[in-house]
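protein22.cif (mmCIF, C-alpha atoms)
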```cif
data_model
#
loop_
_atom_site.label_atom_id
_atom_site.label_comp_id
_atom_site.auth_asym_id
_atom_site.auth_seq_id
_atom_site.Cartn_x
_atom_site.Cartn_y
_atom_site.Cartn_z
CA MET A 979 0.00 0.00 0.00
CA SER A 980 1.35 3.44 -0.91
CA ARG A 981 2.04 5.81 1.94
CA PRO A 982 0.16 9.13 2.24
CA LEU A 983 2.05 12.38 2.06
CA ARG A 984 2.80 13.80 5.53
CA ILE A 985 4.09 17.36 5.80
CA GLU A 986 4.95 18.18 9.40
CA TYR A 987 6.50 21.26 10.97
CA PRO A 988 6.03 23.22 14.22
CA GLY A 989 2.92 25.40 14.16
CA ALA A 990 1.23 23.60 11.25
CA TRP A 991 -2.57 23.42 11.05
CA TYR A 992 -4.44 20.35 9.76
CA HIS A 993 -7.87 19.08 8.92
CA VAL A 994 -7.77 15.38 9.83
CA MET A 995 -10.35 12.67 9.22
CA ASN A 996 -10.71 8.90 9.24
CA ARG A 997 -13.50 6.41 8.51
CA GLY A 998 -14.50 2.98 9.68
CA ARG A 999 -13.49 0.10 7.42
CA ARG A 1000 -16.08 -0.68 4.74
CA GLY A 1001 -18.13 2.27 6.02
CA GLU A 1002 -18.81 0.52 9.34
CA GLU A 1003 -19.61 2.47 12.51
CA ILE A 1004 -16.72 3.42 14.75
CA TYR A 1005 -19.07 4.67 17.49
CA THR A 1006 -21.94 2.31 18.29
CA GLU A 1007 -23.12 3.75 21.61
CA GLU A 1008 -22.81 6.92 23.68
CA ASN A 1009 -19.87 5.61 25.69
CA ASP A 1010 -17.87 5.18 22.49
CA TYR A 1011 -18.23 8.88 21.70
CA ARG A 1012 -17.26 9.82 25.26
CA LEU A 1013 -14.29 7.47 25.11
CA PHE A 1014 -12.99 9.08 21.91
CA ILE A 1015 -13.43 12.63 23.22
CA GLU A 1016 -11.59 11.71 26.40
CA LEU A 1017 -8.80 10.29 24.25
CA LEU A 1018 -8.62 13.55 22.29
CA LYS A 1019 -8.28 15.42 25.56
CA GLU A 1020 -5.53 13.06 26.79
CA SER A 1021 -3.64 13.28 23.51
CA ALA A 1022 -3.84 17.08 23.42
CA GLU A 1023 -2.08 17.18 26.78
CA LEU A 1024 0.36 14.34 26.09
CA PHE A 1025 1.54 15.55 22.68
CA ASN A 1026 1.01 19.30 23.13
CA ILE A 1027 -1.43 19.60 20.25
CA LYS A 1028 -4.12 22.25 19.99
CA ILE A 1029 -7.44 20.66 19.02
CA THR A 1030 -9.65 23.48 17.80
CA ALA A 1031 -12.66 21.51 16.59
CA TYR A 1032 -14.00 17.98 16.32
CA CYS A 1033 -17.11 16.27 15.05
CA LEU A 1034 -17.74 12.59 15.63
CA MET A 1035 -20.13 10.96 13.17
CA PRO A 1036 -21.24 7.32 13.47
CA ASN A 1037 -18.74 6.03 10.89
CA HIS A 1038 -16.10 8.78 10.72
CA TYR A 1039 -14.59 11.78 12.50
CA HIS A 1040 -13.27 15.24 11.61
CA LEU A 1041 -10.61 17.15 13.55
CA LEU A 1042 -9.14 20.63 13.15
CA LEU A 1043 -5.88 21.01 15.04
CA LYS A 1044 -2.54 22.75 15.36
CA THR A 1045 0.79 21.04 16.12
CA PRO A 1046 3.18 23.41 17.94
CA ASP A 1047 5.81 20.63 17.96
CA GLY A 1048 5.26 19.31 14.42
CA ASN A 1049 4.24 15.84 15.61
CA LEU A 1050 0.98 15.02 13.81
CA SER A 1051 1.93 11.42 12.91
CA ARG A 1052 2.85 10.44 16.48
CA CYS A 1053 -0.31 12.00 17.85
CA MET A 1054 -2.68 10.39 15.32
CA ARG A 1055 -1.00 7.02 15.73
CA GLN A 1056 -1.83 7.29 19.42
CA ILE A 1057 -5.43 8.39 18.90
CA ASN A 1058 -6.35 5.80 16.26
CA GLY A 1059 -4.37 2.98 17.85
CA ILE A 1060 -5.52 3.45 21.44
CA TYR A 1061 -9.14 4.02 20.46
CA THR A 1062 -9.14 0.80 18.39
CA GLN A 1063 -7.74 -1.13 21.36
CA ARG A 1064 -10.28 0.31 23.81
CA PHE A 1065 -13.21 -0.09 21.39
CA ASN A 1066 -12.31 -3.74 20.70
CA ARG A 1067 -11.87 -4.49 24.39
CA VAL A 1068 -15.26 -3.00 25.30
CA HIS A 1069 -17.17 -4.64 22.44
CA LYS A 1070 -15.24 -7.95 22.41
CA TYR A 1071 -14.05 -7.33 18.86
CA ASP A 1072 -10.70 -7.98 17.25
CA GLY A 1073 -8.78 -6.51 14.34
CA GLN A 1074 -8.90 -3.32 12.34
CA LEU A 1075 -11.47 -0.62 13.13
CA PHE A 1076 -10.51 2.12 10.66
CA ARG A 1077 -10.31 1.59 6.92
CA GLY A 1078 -6.68 2.63 6.78
CA ARG A 1079 -4.36 5.52 7.48
CA TYR A 1080 -5.96 8.80 8.49
CA LYS A 1081 -6.32 11.57 5.89
CA SER A 1082 -4.81 14.96 6.64
CA ILE A 1083 -4.84 18.27 4.81
CA LEU A 1084 -2.21 20.87 5.63
CA VAL A 1085 -4.17 24.11 6.01
CA GLU A 1086 -3.30 27.76 5.60
CA ALA A 1087 -5.01 28.88 8.80
CA ASP A 1088 -5.30 32.58 7.94
CA LYS A 1089 -7.38 31.77 4.87
CA TYR A 1090 -9.32 28.62 5.69
CA LEU A 1091 -9.50 28.11 9.46
CA LEU A 1092 -12.98 29.54 10.01
CA GLU A 1093 -14.36 27.94 6.84
CA LEU A 1094 -13.23 24.50 8.05
CA LEU A 1095 -14.51 25.19 11.55
CA ARG A 1096 -17.96 25.81 10.07
CA TYR A 1097 -17.72 22.81 7.76
CA ILE A 1098 -16.85 20.50 10.66
CA HIS A 1099 -19.56 21.76 13.01
CA LYS A 1100 -22.25 21.59 10.31
CA ASN A 1101 -21.35 18.02 9.35
CA PRO A 1102 -24.23 16.44 11.31
CA ILE A 1103 -26.75 18.48 9.31
CA ARG A 1104 -25.26 17.31 6.02
CA GLY A 1105 -25.30 13.76 7.35
CA GLY A 1106 -29.00 13.99 8.22
CA LEU A 1107 -28.40 13.46 11.95
CA CYS A 1108 -30.02 16.76 13.00
CA SER A 1109 -31.55 19.90 11.58
CA ASP A 1110 -29.79 22.25 14.00
CA ILE A 1111 -26.17 21.92 15.14
CA HIS A 1112 -27.24 22.93 18.67
CA ASP A 1113 -28.98 19.56 18.89
CA TYR A 1114 -25.90 17.48 18.09
CA GLU A 1115 -23.97 16.41 21.16
CA TRP A 1116 -20.81 14.92 19.66
CA SER A 1117 -19.07 17.99 18.26
CA SER A 1118 -17.12 20.88 19.75
CA HIS A 1119 -19.79 23.42 18.74
CA HIS A 1120 -21.13 23.72 22.30
CA GLY A 1121 -17.69 24.76 23.52
CA TYR A 1122 -17.89 27.82 21.26
CA ILE A 1123 -21.25 29.10 22.43
CA SER A 1124 -20.92 28.56 26.19
CA ASP A 1125 -18.46 27.88 29.00
CA VAL A 1126 -19.20 24.17 29.17
CA LYS A 1127 -16.58 22.63 31.46
CA ARG A 1128 -16.20 19.50 29.38
CA CYS A 1129 -14.94 21.70 26.50
CA ALA A 1130 -12.51 23.78 28.55
CA TRP A 1131 -9.54 21.89 27.06
CA LEU A 1132 -10.38 22.97 23.50
CA TYR A 1133 -8.13 25.49 21.75
CA LYS A 1134 -10.99 27.78 20.76
CA GLU A 1135 -9.71 31.18 21.86
CA PHE A 1136 -7.73 31.76 18.66
CA PRO A 1137 -10.53 31.07 16.13
CA LEU A 1138 -12.98 33.09 18.24
CA SER A 1139 -10.51 35.99 18.30
CA LEU A 1140 -10.67 36.08 14.50
CA PHE A 1141 -14.28 37.22 14.83
CA ASP A 1142 -13.67 39.82 17.54
CA LYS A 1143 -11.26 40.40 20.43
CA ASP A 1144 -14.20 40.89 22.80
CA ARG A 1145 -15.39 37.49 24.07
CA LYS A 1146 -19.12 38.18 23.99
CA LYS A 1147 -18.99 39.79 20.57
CA SER A 1148 -16.90 36.96 19.17
CA ARG A 1149 -19.46 34.39 20.33
CA ARG A 1150 -22.30 36.31 18.76
CA ALA A 1151 -20.34 36.60 15.54
CA TYR A 1152 -19.57 32.86 15.65
CA LYS A 1153 -23.28 31.99 16.07
CA LYS A 1154 -24.20 34.16 13.11
CA TYR A 1155 -21.39 32.65 11.05
CA MET A 1156 -22.74 29.16 11.73
CA THR A 1157 -26.13 30.07 10.29
CA GLU A 1158 -24.53 30.77 6.91
CA ASP A 1159 -23.94 28.12 4.27
CA VAL A 1160 -20.61 26.44 3.78
CA PRO A 1161 -19.06 27.83 0.55
CA GLU A 1162 -19.22 25.51 -2.42
CA GLU A 1163 -15.42 25.67 -2.70
CA ILE A 1164 -15.09 23.93 0.69
CA SER A 1165 -17.91 21.44 0.16
CA LEU A 1166 -16.49 20.33 -3.19
CA ILE A 1167 -13.11 19.55 -1.60
CA PHE A 1168 -14.62 16.91 0.65
CA GLN A 1169 -16.79 15.45 -2.09
CA LYS A 1170 -13.71 14.41 -4.03
CA LYS A 1171 -12.52 10.85 -3.90
CA LYS A 1172 -8.98 12.10 -3.35
CA LEU A 1173 -8.51 14.91 -0.85
CA PRO A 1174 -5.84 17.54 -1.53
CA SER A 1175 -2.69 17.38 0.58
CA ILE A 1176 -2.48 21.17 0.96
CA LEU A 1177 -5.22 23.79 1.20
CA GLY A 1178 -4.16 27.39 0.81
CA ARG A 1179 -3.38 30.26 -1.48
CA LYS A 1180 -0.82 29.93 -4.24
CA ASP A 1181 1.99 31.61 -2.28
CA PHE A 1182 1.37 29.30 0.71
CA ILE A 1183 1.58 26.22 -1.54
CA TYR A 1184 4.77 27.59 -3.12
CA ARG A 1185 6.37 28.03 0.31
CA VAL A 1186 5.48 24.47 1.29
CA ARG A 1187 6.81 23.11 -2.00
CA ASN A 1188 10.00 25.09 -1.58
CA ARG A 1189 10.55 23.76 1.92
CA PHE A 1190 9.57 20.12 1.59
CA PHE A 1191 9.70 18.85 -2.01
CA GLU A 1192 13.38 17.85 -2.07
CA ARG A 1193 13.21 15.63 1.03
CA LYS A 1194 9.63 14.37 0.65
CA VAL A 1195 9.82 12.92 -2.88
CA HIS A 1196 9.53 9.14 -2.58
CA PHE A 1197 8.26 6.43 -4.90
CA GLU A 1198 6.10 4.98 -2.10
CA VAL A 1199 4.45 8.38 -1.53
CA PRO A 1200 2.70 9.24 -4.82
CA ASP A 1201 1.28 12.48 -3.43
CA SER A 1202 4.80 13.79 -2.80
CA ARG A 1203 4.80 14.80 -6.46
CA LEU A 1204 2.13 17.36 -5.58
CA LEU A 1205 4.92 19.38 -3.95
CA ALA A 1206 6.85 19.55 -7.23
CA PRO A 1207 7.21 22.90 -8.99
CA ASP A 1208 4.31 23.41 -11.38
CA ARG A 1209 4.67 23.38 -15.17
CA GLU A 1210 4.47 27.15 -15.41
CA ARG A 1211 7.38 27.49 -12.99
CA ILE A 1212 9.49 25.13 -15.12
CA GLN A 1213 8.67 27.03 -18.32
CA ASP A 1214 9.37 30.42 -16.69
CA LEU A 1215 12.79 29.28 -15.48
CA ILE A 1216 13.76 27.80 -18.85
CA CYS A 1217 12.64 30.92 -20.72
CA LYS A 1218 14.54 33.20 -18.36
CA SER A 1219 17.68 31.05 -18.45
CA TYR A 1220 17.80 30.79 -22.24
CA GLY A 1221 16.43 34.26 -22.96
CA ILE A 1222 13.46 33.09 -25.01
CA THR A 1223 9.68 33.53 -24.98
CA LYS A 1224 7.13 30.88 -24.11
CA GLU A 1225 6.00 30.89 -27.72
CA GLU A 1226 9.51 29.91 -28.80
CA LEU A 1227 9.66 27.28 -26.08
CA THR A 1228 6.50 25.52 -27.17
CA LYS A 1229 7.15 25.80 -30.92
CA SER A 1230 8.27 22.63 -32.66
CA LYS A 1231 11.24 22.79 -35.05
CA ARG A 1232 11.47 19.69 -37.17
CA GLY A 1233 14.96 18.28 -37.73
CA THR A 1234 16.80 20.43 -35.19
CA PHE A 1235 17.49 19.98 -31.47
CA ASN A 1236 15.73 22.80 -29.64
CA GLU A 1237 17.72 22.74 -26.39
CA PRO A 1238 15.40 24.89 -24.19
CA ARG A 1239 12.36 22.92 -25.35
CA GLY A 1240 14.09 19.58 -24.86
CA VAL A 1241 15.32 20.51 -21.38
CA ALA A 1242 11.86 21.77 -20.36
CA ILE A 1243 10.21 18.53 -21.50
CA TYR A 1244 12.91 16.43 -19.82
CA LEU A 1245 12.69 18.25 -16.48
CA THR A 1246 8.88 18.15 -16.54
CA ARG A 1247 9.04 14.38 -16.94
CA ILE A 1248 11.84 13.77 -14.41
CA ILE A 1249 10.84 16.18 -11.63
CA ARG A 1250 7.05 16.09 -11.92
CA SER A 1251 6.59 12.57 -13.36
CA ASP A 1252 3.98 14.03 -15.72
CA GLY A 1253 2.49 11.72 -18.32
CA LEU A 1254 3.59 11.94 -21.93
CA ILE A 1255 0.09 12.87 -23.10
CA ASP A 1256 0.03 15.91 -20.79
CA ILE A 1257 3.52 16.92 -21.92
CA CYS A 1258 2.40 16.69 -25.55
CA LYS A 1259 -0.44 19.12 -24.87
CA ASP A 1260 1.91 21.66 -23.25
CA TYR A 1261 4.49 21.50 -26.05
CA ASN A 1262 2.26 21.05 -29.11
CA LEU A 1263 3.42 17.52 -29.90
CA LYS A 1264 1.02 15.37 -31.89
CA ARG A 1265 2.09 11.94 -30.57
CA TYR A 1266 3.28 10.88 -27.13
CA SER A 1267 6.05 8.96 -28.88
CA SER A 1268 7.41 12.37 -29.96
CA ALA A 1269 7.72 13.44 -26.33
CA SER A 1270 9.44 10.15 -25.52
CA THR A 1271 11.92 10.73 -28.36
CA VAL A 1272 12.75 14.23 -27.08
CA ILE A 1273 13.40 12.88 -23.57
CA GLU A 1274 15.64 10.10 -24.90
CA ASN A 1275 17.62 12.59 -27.00
CA VAL A 1276 18.20 14.75 -23.93
CA LYS A 1277 19.38 11.72 -21.95
CA LYS A 1278 21.89 10.81 -24.69
CA LYS A 1279 23.20 14.38 -24.84
CA LEU A 1280 23.59 14.43 -21.04
CA LEU A 1281 25.95 11.46 -21.29
CA LYS A 1282 28.05 12.93 -24.10
CA ASP A 1283 28.12 16.67 -23.38
CA LYS A 1284 29.54 17.68 -19.97
CA GLU A 1285 28.66 21.37 -20.32
CA PHE A 1286 25.09 20.49 -21.27
CA HIS A 1287 24.93 18.11 -18.30
CA ASN A 1288 26.02 20.90 -15.96
CA ARG A 1289 23.44 23.33 -17.37
CA VAL A 1290 20.59 20.88 -16.95
CA SER A 1291 21.76 19.89 -13.44
CA GLN A 1292 21.85 23.52 -12.33
CA LEU A 1293 18.36 24.13 -13.67
CA GLY A 1294 17.07 21.01 -11.93
CA GLU A 1295 18.60 22.10 -8.62
CA LYS A 1296 16.99 25.53 -8.91
CA LEU A 1297 13.58 23.95 -9.49
CA ILE A 1298 13.88 21.46 -6.64
CA LYS A 1299 15.46 23.69 -4.03
CA GLY A 1300 13.67 26.95 -4.53
CA GLN A 1301 10.55 28.68 -5.78
CA PRO A 1302 10.59 32.06 -7.51
CA LYS A 1303 10.91 35.07 -5.27
CA THR A 1304 8.08 37.56 -5.51
#
```

Take the structure in the file and give it back as structure tokens.
Amino acid sequence: MSRPLRIEYPGAWYHVMNRGRRGEEIYTEENDYRLFIELLKESAELFNIKITAYCLMPNHYHLLLKTPDGNLSRCMRQINGIYTQRFNRVHKYDGQLFRGRYKSILVEADKYLLELLRYIHKNPIRGGLCSDIHDYEWSSHHGYISDVKRCAWLYKEFPLSLFDKDRKKSRRAYKKYMTEDVPEEISLIFQKKKLPSILGRKDFIYRVRNRFFERKVHFEVPDSRLLAPDRERIQDLICKSYGITKEELTKSKRGTFNEPRGVAIYLTRIIRSDGLIDICKDYNLKRYSSASTVIENVKKKLLKDKEFHNRVSQLGEKLIKGQPKT
């Protein structure tokens, strides 16, 4: 089984979720919900994580949390593993409870924190479990509208402060915010079969790529390629380095070796692992075999021409180690 992409660093925010195997329930009675919430509380203290929101549904859960120590994997291993053990012991079951590894999305908090908070707390309505989130007991919503002691451990001060610095005003603003619909942009994310690894603005994604791509790329982690520089970045760097326009870069010249074009196609294939069909579309090639021929020609030239090898290596290092400065 391929491993999911995990990007961890101190202060990172995540939306985390997991489901029961084959869609089975992971909470079958009230004590199960209480057990899981108690485990969240224990883990928050043990691993120094800031759990901002949770919603426990019969066959899955959602969490919104911050990791001051950059230790998401250790924490989630504890939560999923210990809960499975306790659930099996109580219900006399054995074996796997969750369908696999948890899913996590690295989140740009400034942009998406409140949107995800609303999405998580309104989950029971979408799931048909209630018509009003005030009526659903197994989420952190009640900790945001009152001083319920059982929610005192939640890290809710920061999201509330985004509404207003005054406590009473921030609660009123939160309540109003919860009456509004979740934007389609957020809903569509969670309707996809494959969740994104990163949620944020373009500059946030660039910073993450710049910081983690070189050491996260791994054949067992297919999603690590999502951190690769995008095609536009590759084309911009090639054009700047060779002093040409994008029109020249994508124009085919039959019978001659167009070095900038060949290098761009080669680096797109090597660094991004893009398919030949996609490469053909970007570089106006009619057959994927043409793209394959270009890549093979570059490989041969790399072996024979030391100066060419050095040029391509330097370009590759620039793409892998850094994003453009703006």

Top pick for closest residue to Ala1087 of chain A, considering A:Leu1297, A:Val994, A:Leu1043, A:Ala1242 and counting only C-alpha atoms: A:Leu1043

What are the closest atom pairs, with distances in Å to one decimal, for all residues of segment 1099-1126 of chain A lying within 12 Å of segment 1009-1026 of chain A? Consider only C-alpha atoms, order rows by chain and residue number, and present the result as a Markdown table.
```
| residue | atom | partner | partner_atom | distance |
| --- | --- | --- | --- | --- |
| A:Glu1115 | CA | A:Tyr1011 | CA | 9.5 |
| A:Trp1116 | CA | A:Tyr1011 | CA | 6.9 |
| A:Ser1117 | CA | A:Ile1015 | CA | 9.2 |
| A:Ser1118 | CA | A:Ile1015 | CA | 9.7 |
```

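Once the PyMOL selection byres ((chain A and resi 1071-1077) around 6) is applied to the depicted file, the selected set reads Arg997, Gly998, Arg999, Thr1062, Asn1066, His1069, Lys1070 and Gly1078 of chain A.
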
Pick from A:Arg1052, A:Lys1153, A:Arg1289, A:Lys1089, whichever lies nearest to Lys1180 of chain A using all atoms listed in the file: A:Lys1089

For the point (-28.7, 21.5, 15.7) in the file's frame, write as a list in words all residues with an atom no more than 12 Å away, counting only C-alpha atoms.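 Within 12 Å of (-28.7, 21.5, 15.7), the protein and nucleic acid residues are His1099, Lys1100, Asn1101, Pro1102, Ile1103, Arg1104, Gly1105, Gly1106, Leu1107, Cys1108, Ser1109, Asp1110, Ile1111, His1112, Asp1113, Tyr1114, Glu1115, Trp1116, Ser1117, His1119, His1120, Lys1153, Met1156 and Thr1157 of chain A.
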
Please, what distance in Å, to one decimal, runs between atom CA of Glu1162 of chain A and atom CA of Leu1091 of chain A? 15.6 Å

Would you work out the distance separating atom CA of Gln1213 of chain A from atom CA of Phe1182 of chain A, expressed in Å to one decimal? 20.5 Å

In Å, rounded to a single decimal, give me how far atom CA of Leu1084 of chain A is from atom CA of His993 of chain A.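 Distance reported for this atom pair: 6.8 Å.
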
Evaluate the PyMOL selection byres ((chain A and resi 1079) around 10) against this structure - the residues, as a ChimeraX atom specification, please. /A:981-982,995-997,1054-1055,1058,1076-1078,1080-1082

Which protein, DNA or RNA residues have an atom at most 12 Å from (0.1, 23.1, 12.3), counting all atoms listed in the file? List them as number ranges by chain. A: 984-994, 1026-1030, 1042-1051, 1082-1088, 1091, 1176
